[in-house]
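Here's my_file_28.txt, which has compact mmCIF, C-alpha atoms:
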```txt
# COMPACT_ATOMS: atom_id res chain seq x y z
CA MET S 1 14.59 35.04 167.64
CA SER S 2 17.01 37.00 165.48
CA GLY S 3 15.97 35.01 162.42
CA ALA S 4 12.28 35.70 162.99
CA ALA S 5 12.99 39.39 163.55
CA LEU S 6 15.00 39.65 160.32
CA PHE S 7 12.33 37.73 158.42
CA ALA S 8 9.43 39.83 159.72
CA ALA S 9 11.15 43.15 159.04
CA ALA S 10 12.70 42.14 155.72
CA PRO S 11 12.61 44.81 152.99
CA SER S 12 14.05 42.39 150.41
CA PHE S 13 14.12 38.72 149.50
CA ALA S 14 17.79 38.46 150.50
CA GLN S 15 16.97 39.42 154.10
CA VAL S 16 14.00 37.02 154.09
CA LEU S 17 16.38 34.25 153.05
CA VAL S 18 18.94 35.10 155.74
CA GLY S 19 16.23 35.26 158.41
CA ARG S 20 14.76 31.94 157.31
CA ILE S 21 18.18 30.27 157.36
CA LEU S 22 18.83 31.53 160.89
CA CYS S 23 15.41 30.22 161.97
CA GLY S 24 16.19 26.85 160.42
CA VAL S 25 19.54 26.55 162.17
CA GLY S 26 17.99 27.50 165.51
CA VAL S 27 15.08 25.09 165.15
CA GLY S 28 17.47 22.30 164.12
CA ILE S 29 19.62 22.77 167.23
CA CYS S 30 16.61 22.98 169.54
CA GLY S 31 15.03 19.97 167.84
CA LEU S 32 17.98 17.88 169.01
CA ALA S 33 18.89 19.54 172.30
CA LYS S 34 15.46 19.68 173.93
CA PRO S 35 14.45 15.99 173.74
CA LEU S 36 18.04 14.94 174.50
CA ILE S 37 18.15 17.02 177.69
CA VAL S 38 14.66 15.97 178.78
CA SER S 39 15.39 12.27 178.18
CA GLU S 40 18.51 12.42 180.32
CA LEU S 41 16.93 14.42 183.14
CA ALA S 42 13.63 12.50 183.28
CA PRO S 43 13.19 9.50 185.60
CA ALA S 44 12.82 6.23 183.70
CA HIS S 45 9.16 5.71 184.66
CA MET S 46 8.19 9.17 183.34
CA ARG S 47 10.54 9.47 180.36
CA GLY S 48 7.87 8.52 177.84
CA VAL S 49 5.37 11.17 178.86
CA LEU S 50 7.96 13.92 179.37
CA VAL S 51 9.73 13.40 176.03
CA SER S 52 6.36 13.03 174.28
CA LEU S 53 5.46 16.51 175.50
CA PHE S 54 8.09 17.81 173.07
CA ALA S 55 5.91 16.62 170.17
CA VAL S 56 2.79 17.91 171.96
CA GLY S 57 4.39 21.35 172.11
CA GLN S 58 5.16 21.22 168.39
CA SER S 59 1.52 20.39 167.70
CA ILE S 60 0.31 23.26 169.88
CA GLY S 61 2.54 25.63 167.92
CA LEU S 62 1.26 24.27 164.63
CA ASN S 63 -2.36 24.68 165.69
CA VAL S 64 -1.73 28.22 166.93
CA PHE S 65 -0.27 28.95 163.50
CA TYR S 66 -3.34 27.51 161.77
CA VAL S 67 -5.74 29.54 163.94
CA VAL S 68 -3.79 32.80 163.60
CA ASP S 69 -3.48 32.27 159.84
CA PHE S 70 -7.25 31.71 159.68
CA ILE S 71 -7.98 34.88 161.67
CA LEU S 72 -5.54 37.16 159.88
CA PRO S 73 -6.28 38.68 156.47
CA PRO S 74 -4.94 36.89 153.36
CA VAL S 75 -1.19 37.00 152.66
CA THR S 76 -1.77 39.72 150.08
CA VAL S 77 -2.06 42.09 153.06
CA GLU S 78 1.62 42.72 153.83
CA TRP S 79 1.42 43.32 157.57
CA ALA S 80 -0.49 40.05 158.08
CA TRP S 81 2.36 37.74 157.07
CA ARG S 82 4.89 39.91 158.87
CA LEU S 83 2.91 39.62 162.10
CA LEU S 84 2.59 35.87 161.66
CA VAL S 85 6.36 35.50 161.20
CA ALA S 86 7.15 37.77 164.15
CA LEU S 87 4.96 35.65 166.43
CA GLY S 88 7.33 32.78 165.70
CA ALA S 89 9.92 34.41 167.95
CA SER S 90 7.76 34.09 171.07
CA PRO S 91 8.38 30.34 171.66
CA ALA S 92 12.12 30.89 171.22
CA LEU S 93 12.05 33.64 173.84
CA LEU S 94 10.21 31.33 176.23
CA VAL S 95 12.75 28.53 175.63
CA VAL S 96 15.66 30.89 176.40
CA LEU S 97 14.04 31.94 179.67
CA LEU S 98 13.33 28.32 180.65
CA ALA S 99 16.88 27.27 179.70
CA LEU S 100 18.24 29.66 182.30
CA LEU S 101 16.29 27.74 184.94
CA THR S 102 17.04 24.21 183.64
CA PRO S 103 19.79 22.26 185.45
CA ALA S 104 22.60 20.83 183.35
CA SER S 105 22.43 17.15 182.41
CA GLY S 106 24.69 15.01 184.55
CA TYR S 107 25.77 13.01 181.52
CA TRP S 108 27.66 16.01 180.15
CA ASP S 109 29.03 17.09 183.54
CA LEU S 110 31.01 13.84 183.96
CA ALA S 111 34.14 12.90 182.05
CA PRO S 112 33.91 9.75 179.87
CA VAL S 113 36.22 7.83 182.21
CA SER S 114 33.85 8.50 185.11
CA LEU S 115 30.88 7.44 183.04
CA SER S 116 32.53 4.17 182.09
CA ARG S 117 32.76 3.27 185.77
CA CYS S 118 29.02 3.71 186.18
CA GLY S 119 28.24 0.54 184.24
CA GLY S 120 24.78 0.21 182.73
CA VAL S 121 23.96 0.96 179.13
CA ARG S 122 27.18 2.75 178.35
CA GLN S 123 29.42 0.00 179.68
CA LEU S 124 27.47 -2.65 177.80
CA ALA S 125 27.86 -0.64 174.62
CA HIS S 126 31.63 -1.10 174.63
CA GLN S 127 31.85 -4.86 174.77
CA GLY S 128 32.80 -4.86 171.10
CA GLY S 129 35.70 -2.36 171.15
CA PRO S 130 38.34 -0.76 173.34
CA GLU S 131 37.60 2.33 175.38
CA PRO S 132 38.87 5.49 173.64
CA GLN S 133 41.39 7.64 175.45
CA GLY S 134 40.82 11.27 176.40
CA GLU S 135 37.87 13.39 177.26
CA GLN S 136 36.25 13.58 173.82
CA GLU S 137 36.31 11.72 170.52
CA ALA S 138 35.96 13.18 167.03
CA PRO S 139 32.47 12.59 165.58
CA MET S 140 33.69 10.68 162.51
CA ARG S 141 35.87 8.42 164.63
CA GLN S 142 32.97 7.92 167.02
CA LEU S 143 30.68 7.03 164.11
CA HIS S 144 33.21 4.53 162.79
CA ARG S 145 33.51 2.95 166.21
CA MET S 146 29.74 2.69 166.55
CA VAL S 147 29.06 1.05 163.17
CA ALA S 148 32.21 -1.04 162.88
CA LEU S 149 33.42 -2.05 166.34
CA GLU S 150 30.44 -2.16 168.68
CA PRO S 151 28.21 -5.21 169.23
CA PRO S 152 25.50 -5.88 166.61
CA GLN S 153 22.67 -4.60 168.83
CA VAL S 154 24.27 -1.13 168.96
CA ARG S 155 24.37 -0.91 165.16
CA ARG S 156 20.87 -2.34 164.91
CA ASN S 157 19.52 0.24 167.33
CA PHE S 158 21.19 3.09 165.45
CA PHE S 159 19.73 2.00 162.12
CA LEU S 160 16.31 1.52 163.75
CA VAL S 161 16.43 5.13 164.95
CA VAL S 162 17.36 6.31 161.45
CA ALA S 163 14.57 4.17 159.95
CA MET S 164 12.00 5.66 162.32
CA MET S 165 13.09 9.20 161.44
CA LEU S 166 12.85 8.38 157.74
CA GLY S 167 9.51 6.65 158.24
CA TYR S 168 8.03 9.58 160.12
CA ASN S 169 9.03 12.10 157.47
CA LEU S 170 7.71 9.80 154.73
CA SER S 171 4.49 8.93 156.55
CA GLY S 172 2.53 11.70 154.84
CA THR S 173 1.85 13.55 158.08
CA LEU S 174 4.02 16.54 157.12
CA ILE S 175 2.40 16.70 153.70
CA ILE S 176 -1.07 16.64 155.23
CA ALA S 177 -0.14 19.26 157.82
CA ASN S 178 1.43 21.63 155.28
CA TYR S 179 -0.61 20.97 152.15
CA ALA S 180 -4.04 20.08 153.52
CA SER S 181 -5.71 23.01 151.76
CA GLN S 182 -4.07 22.19 148.43
CA ILE S 183 -4.98 18.50 148.70
CA PHE S 184 -8.62 19.34 149.33
CA ALA S 185 -8.53 21.92 146.54
CA ALA S 186 -7.17 19.31 144.13
CA ALA S 187 -10.03 17.04 145.19
CA GLY S 188 -12.57 19.79 144.56
CA ALA S 189 -13.11 21.00 148.12
CA SER S 190 -11.22 23.87 149.71
CA SER S 191 -11.48 25.66 153.03
CA ARG S 192 -8.95 27.48 155.20
CA ALA S 193 -10.60 25.90 158.24
CA LEU S 194 -9.83 22.30 157.22
CA PRO S 195 -6.14 22.40 158.33
CA ILE S 196 -7.35 23.43 161.79
CA VAL S 197 -9.42 20.25 162.04
CA VAL S 198 -6.43 18.16 160.91
CA GLY S 199 -4.13 19.86 163.42
CA LEU S 200 -6.54 19.38 166.33
CA VAL S 201 -6.85 15.66 165.62
CA GLN S 202 -3.06 15.34 165.52
CA PHE S 203 -2.92 17.13 168.88
CA LEU S 204 -5.38 14.63 170.38
CA GLY S 205 -3.19 11.78 169.16
CA LEU S 206 -0.08 13.28 170.73
CA VAL S 207 -1.83 13.84 174.05
CA SER S 208 -2.99 10.21 173.96
CA ALA S 209 0.58 9.09 173.35
CA ALA S 210 1.83 11.13 176.30
CA ALA S 211 -0.82 9.52 178.48
CA PHE S 212 -0.23 5.89 177.46
CA THR S 213 3.37 5.44 176.29
CA ASP S 214 4.63 4.72 179.83
CA ARG S 215 1.62 2.51 180.61
CA LEU S 216 1.31 0.40 177.48
CA GLY S 217 4.92 0.48 176.30
CA ARG S 218 6.61 1.91 173.25
CA ARG S 219 6.46 -1.14 170.97
CA PRO S 220 2.68 -1.84 170.89
CA LEU S 221 1.77 1.83 170.43
CA LEU S 222 4.34 2.26 167.68
CA LEU S 223 3.31 -0.86 165.76
CA ALA S 224 -0.39 0.02 165.97
CA SER S 225 0.40 3.58 164.88
CA CYS S 226 2.39 2.50 161.82
CA ALA S 227 -0.14 -0.15 160.75
CA LEU S 228 -3.11 2.21 161.00
CA SER S 229 -1.19 4.97 159.21
CA ALA S 230 -0.22 2.65 156.35
CA ALA S 231 -3.80 1.45 155.88
CA SER S 232 -5.15 5.01 155.90
CA LEU S 233 -2.50 6.33 153.49
CA LEU S 234 -3.17 3.55 151.00
CA SER S 235 -6.91 4.26 151.31
CA ILE S 236 -6.27 7.96 150.57
CA ALA S 237 -4.25 6.97 147.51
CA ALA S 238 -7.06 4.72 146.31
CA LEU S 239 -9.70 7.39 146.94
CA LEU S 240 -7.79 10.18 145.17
CA GLY S 241 -6.66 8.02 142.27
CA SER S 242 -9.87 6.10 141.62
CA GLY S 243 -12.00 8.93 140.25
CA TRP S 244 -14.80 8.06 142.70
CA GLY S 245 -15.33 11.71 143.62
CA PRO S 246 -18.37 12.37 141.39
CA SER S 247 -20.04 9.09 142.34
CA LEU S 248 -19.58 9.71 146.06
CA GLY S 249 -21.05 13.19 145.81
CA GLY S 250 -21.21 15.02 149.12
CA ALA S 251 -19.62 12.09 150.97
CA PHE S 252 -16.26 12.49 149.22
CA THR S 253 -14.92 15.43 151.23
CA PRO S 254 -15.92 14.03 154.67
CA LEU S 255 -14.40 10.66 153.74
CA LEU S 256 -11.13 12.23 152.61
CA LEU S 257 -11.06 14.39 155.73
CA ALA S 258 -11.69 11.32 157.92
CA LEU S 259 -8.82 9.40 156.33
CA MET S 260 -6.43 12.35 156.59
CA THR S 261 -7.28 12.96 160.23
CA THR S 262 -6.88 9.23 160.90
CA VAL S 263 -3.33 9.46 159.58
CA GLU S 264 -2.63 12.49 161.75
CA PHE S 265 -4.08 10.81 164.85
CA ALA S 266 -2.28 7.52 164.21
CA VAL S 267 1.09 9.19 163.64
CA GLY S 268 0.47 11.45 166.63
CA VAL S 269 -0.36 8.61 169.00
CA GLY S 270 2.73 6.59 168.12
CA LEU S 271 5.28 7.26 165.41
CA ASN S 272 5.80 10.98 166.03
CA PRO S 273 6.47 11.05 169.80
CA ILE S 274 7.77 7.52 170.27
CA ARG S 275 10.48 7.90 167.62
CA ILE S 276 11.86 10.72 169.80
CA VAL S 277 11.64 8.65 172.98
CA LEU S 278 13.27 5.64 171.35
CA SER S 279 16.04 7.68 169.76
CA ALA S 280 17.22 8.40 173.31
CA GLU S 281 16.47 5.00 174.84
CA LEU S 282 17.92 2.82 172.09
CA MET S 283 21.26 4.63 171.94
CA PRO S 284 23.93 4.03 174.61
CA THR S 285 25.01 7.10 176.52
CA ARG S 286 28.28 7.48 174.62
CA TYR S 287 26.51 7.55 171.25
CA ARG S 288 23.21 9.16 172.22
CA ALA S 289 24.05 12.69 171.05
CA LEU S 290 25.71 11.43 167.86
CA GLY S 291 22.91 9.01 167.04
CA MET S 292 20.18 11.56 167.66
CA SER S 293 22.06 14.22 165.70
CA LEU S 294 22.58 12.04 162.63
CA SER S 295 19.06 10.61 162.65
CA ASN S 296 17.57 14.08 163.05
CA ALA S 297 19.69 15.32 160.15
CA VAL S 298 18.46 12.46 157.97
CA GLY S 299 14.89 13.22 159.05
CA TRP S 300 15.11 16.94 158.38
CA GLY S 301 16.71 16.31 154.99
CA THR S 302 13.97 13.87 154.06
CA ALA S 303 11.31 16.32 155.21
CA LEU S 304 12.85 19.07 153.08
CA LEU S 305 12.87 16.91 149.97
CA SER S 306 9.37 15.61 150.61
CA LEU S 307 7.83 19.05 151.17
CA PHE S 308 9.73 20.62 148.28
CA CYS S 309 8.95 17.86 145.79
CA PHE S 310 5.29 17.28 146.68
CA PRO S 311 3.77 20.08 144.54
CA ILE S 312 6.20 19.33 141.72
CA ILE S 313 5.28 15.64 141.64
CA ILE S 314 1.59 16.53 141.79
CA GLU S 315 2.01 18.39 138.52
CA LEU S 316 4.02 15.61 136.92
CA ALA S 317 1.82 12.76 138.15
CA GLY S 318 -1.50 14.52 137.66
CA GLY S 319 -2.49 14.43 141.33
CA PRO S 320 -1.35 13.43 144.84
CA ALA S 321 -2.48 9.79 144.70
CA PRO S 322 0.91 8.26 143.68
CA GLN S 323 2.72 10.02 146.51
CA PHE S 324 0.22 8.82 149.10
CA ALA S 325 0.64 5.29 147.75
CA PHE S 326 4.40 5.68 148.25
CA PHE S 327 3.88 7.00 151.78
CA GLY S 328 1.61 4.05 152.56
CA ALA S 329 4.10 1.50 151.22
CA THR S 330 6.95 3.14 153.16
CA THR S 331 5.00 3.09 156.42
CA ALA S 332 3.93 -0.51 155.86
CA SER S 333 7.58 -1.49 155.31
CA LEU S 334 8.55 0.30 158.53
CA THR S 335 5.84 -1.63 160.38
CA VAL S 336 7.31 -4.96 159.25
CA LEU S 337 10.85 -3.89 160.17
CA LEU S 338 9.84 -2.77 163.66
CA MET S 339 7.75 -5.89 164.22
CA PHE S 340 10.80 -8.12 163.87
CA GLN S 341 13.61 -5.89 165.15
CA LEU S 342 12.33 -3.38 167.74
CA PRO S 343 12.85 -4.25 171.42
CA GLU S 344 10.68 -2.84 174.21
CA THR S 345 12.50 -0.12 176.15
CA ARG S 346 9.89 1.00 178.68
CA GLY S 347 11.48 1.62 182.07
CA ILE S 348 15.09 1.28 180.84
CA ASP S 349 17.56 3.07 183.09
CA PHE S 350 20.31 5.10 181.43
CA ASP S 351 22.55 4.47 184.41
```

Show me the file's structure as structure tokens.
Amino acid sequence: MSGAALFAAAPSFAQVLVGRILCGVGVGICGLAKPLIVSELAPAHMRGVLVSLFAVGQSIGLNVFYVVDFILPPVTVEWAWRLLVALGASPALLVVLLALLTPASGYWDLAPVSLSRCGGVRQLAHQGGPEPQGEQEAPMRQLHRMVALEPPQVRRNFFLVVAMMLGYNLSGTLIIANYASQIFAAAGASSRALPIVVGLVQFLGLVSAAAFTDRLGRRPLLLASCALSAASLLSIAALLGSGWGPSLGGAFTPLLLALMTTVEFAVGVGLNPIRIVLSAELMPTRYRALGMSLSNAVGWGTALLSLFCFPIIIELAGGPAPQFAFFGATTASLTVLLMFQLPETRGIDFD
């Protein structure tokens, strides 16, 4: 909230930068804490839908941004962008109010020794190494224990979580969501309303995931999501890089829009929400916070590089086609990895 307030009222670029940094830190903390708390409080049979609602909420916020941006005057009108930034504080205020009513997670109320007596996932996770002494363990020591001393399935699960975070941020969905107007403009068609269509389709995918992830399971939805995303991304790359635009005439823009919305729906129905669910379910209780923190950091870093480099690479490569080909190849590789390594976790009990 303080970051948004500083940003909206900024008289100089320095204050804009400080406000944006504060917003980034706050969003990063919430991005880890909210799904972690929900996953530990939710009953096993409802964990999929409840954690998926985190991604649904993100999509709602994104679509509200698109609609408000469409309604407001262009950014050349100073008060318009200030109002848009200030509105970003409203979700944070709501989260603070809800946090005051949210009970603490039992996993953090119990000492590690007590947790070890509960058995279950956490006890199984320590078959490969001795139990550490004391209430807490330094993060670097905990990381070393996880990757060097624990059984192979613990390390495998951690690297699967990291791979899913990387795959999501290199699936093209963030590029489409943030650069939809520029992509269409580069293809010869531009409209401020097109990102709204893309965002609404992504929202439908996320709602579908929330409805079916506990019924159909995480694995089949995730594999179908990645496969469809890879096929659509490679089709976008072929369409943008083939020079078929003039020959397709009026069909070019609807076809490009259909492929982009297919990517958003496919990622929304599987990879986006299920990566969050699995990041909690694949990690043993002792390592859940560490694993989710590190994988989120890798994901955010990849997203930053991807979003920052996209317009630069467009200029260097002469268009967005090569990057979409890379996104498609990355998502296809993730599909193969998950097909052979990902276990089904539906209904797993943390205790």

Atom CA of Arg219 of chain S to atom CA of Met339 of chain S, straight-line distance in Å: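 Atom CA of Met339 of chain S sits 8.4 Å away from atom CA of Arg219 of chain S.
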
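Note that atom CA of Val154 of chain S and atom CA of Gly347 of chain S are 18.5 Å apart.
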
Shortest interatomic distance to Val85 of chain S - which of S:Pro152, S:Ser2, S:His45, S:Leu143, counting only C-alpha atoms: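 The closest residue to Val85 of chain S is S:Ser2.
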
Taking all atoms listed in the file into account, which of S:Ala44, S:Ala8, S:Val277, S:Val147 comes nearest Trp81 of chain S? S:Ala8

Give me the residues near segment 297-301 of chain S as a ChimeraX atom specification, where near means some atom within 9 Å (using only C-alpha atoms) and where sequence neighbours in that chain fewer than 5 positions away do not count. /S:28,162,164-169,292,306

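Omitting segment 9-15 of chain S and its sequence neighbours fewer than 4 positions away, and counting only C-alpha atoms, the residues within 10 Å are Gly3, Ala4, Ala5, Gly19, Arg20, Ile21, Trp79, Arg82, Leu83, Val85 and Ala86 of chain S.
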
Residues near Ile176 of chain S, cut-off 12 Å, all atoms listed in the file, skip fewer than 2 positions along chain, as a CSV table (one decimal) with C-alpha atoms, in the frame of the given file:
```csv
chain,number,residue,atom,x,y,z
S,169,ASN,CA,9.0,12.1,157.5
S,170,LEU,CA,7.7,9.8,154.7
S,171,SER,CA,4.5,8.9,156.6
S,172,GLY,CA,2.5,11.7,154.8
S,173,THR,CA,1.8,13.6,158.1
S,174,LEU,CA,4.0,16.5,157.1
S,178,ASN,CA,1.4,21.6,155.3
S,179,TYR,CA,-0.6,21.0,152.2
S,180,ALA,CA,-4.0,20.1,153.5
S,181,SER,CA,-5.7,23.0,151.8
S,182,GLN,CA,-4.1,22.2,148.4
S,183,ILE,CA,-5.0,18.5,148.7
S,184,PHE,CA,-8.6,19.3,149.3
S,194,LEU,CA,-9.8,22.3,157.2
S,195,PRO,CA,-6.1,22.4,158.3
S,196,ILE,CA,-7.4,23.4,161.8
S,197,VAL,CA,-9.4,20.2,162.0
S,198,VAL,CA,-6.4,18.2,160.9
S,199,GLY,CA,-4.1,19.9,163.4
S,201,VAL,CA,-6.8,15.7,165.6
S,202,GLN,CA,-3.1,15.3,165.5
S,233,LEU,CA,-2.5,6.3,153.5
S,236,ILE,CA,-6.3,8.0,150.6
S,256,LEU,CA,-11.1,12.2,152.6
S,257,LEU,CA,-11.1,14.4,155.7
S,259,LEU,CA,-8.8,9.4,156.3
S,260,MET,CA,-6.4,12.4,156.6
S,261,THR,CA,-7.3,13.0,160.2
S,262,THR,CA,-6.9,9.2,160.9
S,263,VAL,CA,-3.3,9.5,159.6
S,264,GLU,CA,-2.6,12.5,161.8
S,265,PHE,CA,-4.1,10.8,164.8
S,267,VAL,CA,1.1,9.2,163.6
S,306,SER,CA,9.4,15.6,150.6
S,307,LEU,CA,7.8,19.0,151.2
S,310,PHE,CA,5.3,17.3,146.7
S,320,PRO,CA,-1.4,13.4,144.8
S,323,GLN,CA,2.7,10.0,146.5
S,324,PHE,CA,0.2,8.8,149.1
S,327,PHE,CA,3.9,7.0,151.8
```

Pick from S:Ile175, S:Ala258, S:Leu100, S:Val67: nearest to Cys309 of chain S, with all atoms listed in the file counted?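 Between S:Ile175, S:Ala258, S:Leu100, S:Val67, the residue approaching Cys309 of chain S most closely is S:Ile175.
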
Using only C-alpha atoms, which of S:Leu278, S:Leu62, S:Ala55, S:Ala92 sits nearest Cys23 of chain S?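 The answer is S:Ala92, which sits nearest to Cys23 of chain S.
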
Could you state the separation of atom CA of Ala210 of chain S and atom CA of Gly328 of chain S in Å, given to one decimal place? 24.8 Å

Find the residues near Gln153 of chain S: any atom within 10 Å, counting only C-alpha atoms, skip ones fewer than 3 places away on the same chain, and give them as a ChimeraX atom specification. /S:125,150,156-159,282-283,341

Pick from S:Met46, S:Thr335, S:Phe7, S:Arg155, whichever lies nearest to Leu87 of chain S using all atoms listed in the file: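 Using all atoms listed in the file, Leu87 of chain S sits closest to S:Phe7.
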
Would you kindly return, as a PyMOL selection string, each protein, DNA or RNA residue with an atom no farther than 9 Å from any atom of segment 289-291 of chain S, considering only C-alpha atoms and excluding same-chain residues fewer than 3 positions away? chain S and resi 32-33+36+139+142-143+158+161-162+279-280+283+285-286+294-296

From the block you just saw, export segment 267-275 of chain S: all heavy atoms, as a PDB file, in the first residue's frame.
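Once everything was written out, this is selection.pdb:
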```
ATOM      1  N   VAL S 267      -2.662 -22.431 -20.460  1.00  0.00           N
ATOM      2  CA  VAL S 267      -1.830 -22.167 -19.280  1.00  0.00           C
ATOM      3  C   VAL S 267      -2.718 -21.936 -18.063  1.00  0.00           C
ATOM      4  O   VAL S 267      -2.415 -22.389 -16.958  1.00  0.00           O
ATOM      5  CB  VAL S 267      -0.910 -20.962 -19.524  1.00  0.00           C
ATOM      6  CG1 VAL S 267      -0.166 -20.580 -18.244  1.00  0.00           C
ATOM      7  CG2 VAL S 267       0.091 -21.263 -20.634  1.00  0.00           C
ATOM      8  N   GLY S 268      -3.838 -21.253 -18.259  1.00  0.00           N
ATOM      9  CA  GLY S 268      -4.746 -20.979 -17.154  1.00  0.00           C
ATOM     10  C   GLY S 268      -5.412 -22.222 -16.594  1.00  0.00           C
ATOM     11  O   GLY S 268      -5.640 -22.321 -15.389  1.00  0.00           O
ATOM     12  N   VAL S 269      -5.692 -23.192 -17.441  1.00  0.00           N
ATOM     13  CA  VAL S 269      -6.405 -24.382 -16.978  1.00  0.00           C
ATOM     14  C   VAL S 269      -5.462 -25.406 -16.346  1.00  0.00           C
ATOM     15  O   VAL S 269      -5.932 -26.376 -15.727  1.00  0.00           O
ATOM     16  CB  VAL S 269      -7.172 -25.031 -18.152  1.00  0.00           C
ATOM     17  CG1 VAL S 269      -6.264 -25.903 -19.012  1.00  0.00           C
ATOM     18  CG2 VAL S 269      -8.365 -25.845 -17.642  1.00  0.00           C
ATOM     19  N   GLY S 270      -4.153 -25.202 -16.475  1.00  0.00           N
ATOM     20  CA  GLY S 270      -3.244 -26.197 -15.925  1.00  0.00           C
ATOM     21  C   GLY S 270      -1.979 -25.631 -15.319  1.00  0.00           C
ATOM     22  O   GLY S 270      -1.820 -25.571 -14.109  1.00  0.00           O
ATOM     23  N   LEU S 271      -1.058 -25.189 -16.154  1.00  0.00           N
ATOM     24  CA  LEU S 271       0.285 -24.841 -15.702  1.00  0.00           C
ATOM     25  C   LEU S 271       0.283 -23.729 -14.657  1.00  0.00           C
ATOM     26  O   LEU S 271       1.026 -23.806 -13.663  1.00  0.00           O
ATOM     27  CB  LEU S 271       1.147 -24.437 -16.906  1.00  0.00           C
ATOM     28  CG  LEU S 271       2.616 -24.099 -16.613  1.00  0.00           C
ATOM     29  CD1 LEU S 271       3.312 -25.240 -15.893  1.00  0.00           C
ATOM     30  CD2 LEU S 271       3.345 -23.758 -17.910  1.00  0.00           C
ATOM     31  N   ASN S 272      -0.512 -22.690 -14.843  1.00  0.00           N
ATOM     32  CA  ASN S 272      -0.491 -21.574 -13.907  1.00  0.00           C
ATOM     33  C   ASN S 272      -0.960 -21.983 -12.508  1.00  0.00           C
ATOM     34  O   ASN S 272      -0.201 -21.867 -11.536  1.00  0.00           O
ATOM     35  CB  ASN S 272      -1.328 -20.418 -14.455  1.00  0.00           C
ATOM     36  CG  ASN S 272      -1.260 -19.173 -13.582  1.00  0.00           C
ATOM     37  OD1 ASN S 272      -0.588 -19.140 -12.559  1.00  0.00           O
ATOM     38  ND2 ASN S 272      -1.953 -18.129 -13.987  1.00  0.00           N
ATOM     39  N   PRO S 273      -2.184 -22.477 -12.336  1.00  0.00           N
ATOM     40  CA  PRO S 273      -2.608 -22.784 -10.961  1.00  0.00           C
ATOM     41  C   PRO S 273      -1.996 -24.058 -10.395  1.00  0.00           C
ATOM     42  O   PRO S 273      -1.703 -24.127  -9.192  1.00  0.00           O
ATOM     43  CB  PRO S 273      -4.132 -22.921 -11.099  1.00  0.00           C
ATOM     44  CG  PRO S 273      -4.342 -23.351 -12.510  1.00  0.00           C
ATOM     45  CD  PRO S 273      -3.277 -22.673 -13.313  1.00  0.00           C
ATOM     46  N   ILE S 274      -1.783 -25.066 -11.238  1.00  0.00           N
ATOM     47  CA  ILE S 274      -1.339 -26.355 -10.710  1.00  0.00           C
ATOM     48  C   ILE S 274       0.117 -26.307 -10.268  1.00  0.00           C
ATOM     49  O   ILE S 274       0.519 -27.022  -9.343  1.00  0.00           O
ATOM     50  CB  ILE S 274      -1.587 -27.468 -11.751  1.00  0.00           C
ATOM     51  CG1 ILE S 274      -3.095 -27.649 -11.939  1.00  0.00           C
ATOM     52  CG2 ILE S 274      -0.963 -28.783 -11.315  1.00  0.00           C
ATOM     53  CD1 ILE S 274      -3.478 -28.673 -12.967  1.00  0.00           C
ATOM     54  N   ARG S 275       0.931 -25.451 -10.892  1.00  0.00           N
ATOM     55  CA  ARG S 275       2.315 -25.297 -10.409  1.00  0.00           C
ATOM     56  C   ARG S 275       2.312 -24.801  -8.962  1.00  0.00           C
ATOM     57  O   ARG S 275       3.180 -25.179  -8.166  1.00  0.00           O
ATOM     58  CB  ARG S 275       3.082 -24.328 -11.309  1.00  0.00           C
ATOM     59  CG  ARG S 275       2.632 -22.889 -11.155  1.00  0.00           C
ATOM     60  CD  ARG S 275       3.207 -21.914 -12.143  1.00  0.00           C
ATOM     61  NE  ARG S 275       2.483 -20.657 -12.053  1.00  0.00           N
ATOM     62  CZ  ARG S 275       2.855 -19.614 -11.329  1.00  0.00           C
ATOM     63  NH1 ARG S 275       3.976 -19.677 -10.635  1.00  0.00           N
ATOM     64  NH2 ARG S 275       2.130 -18.519 -11.296  1.00  0.00           N
TER      65      ARG S 275
END
```
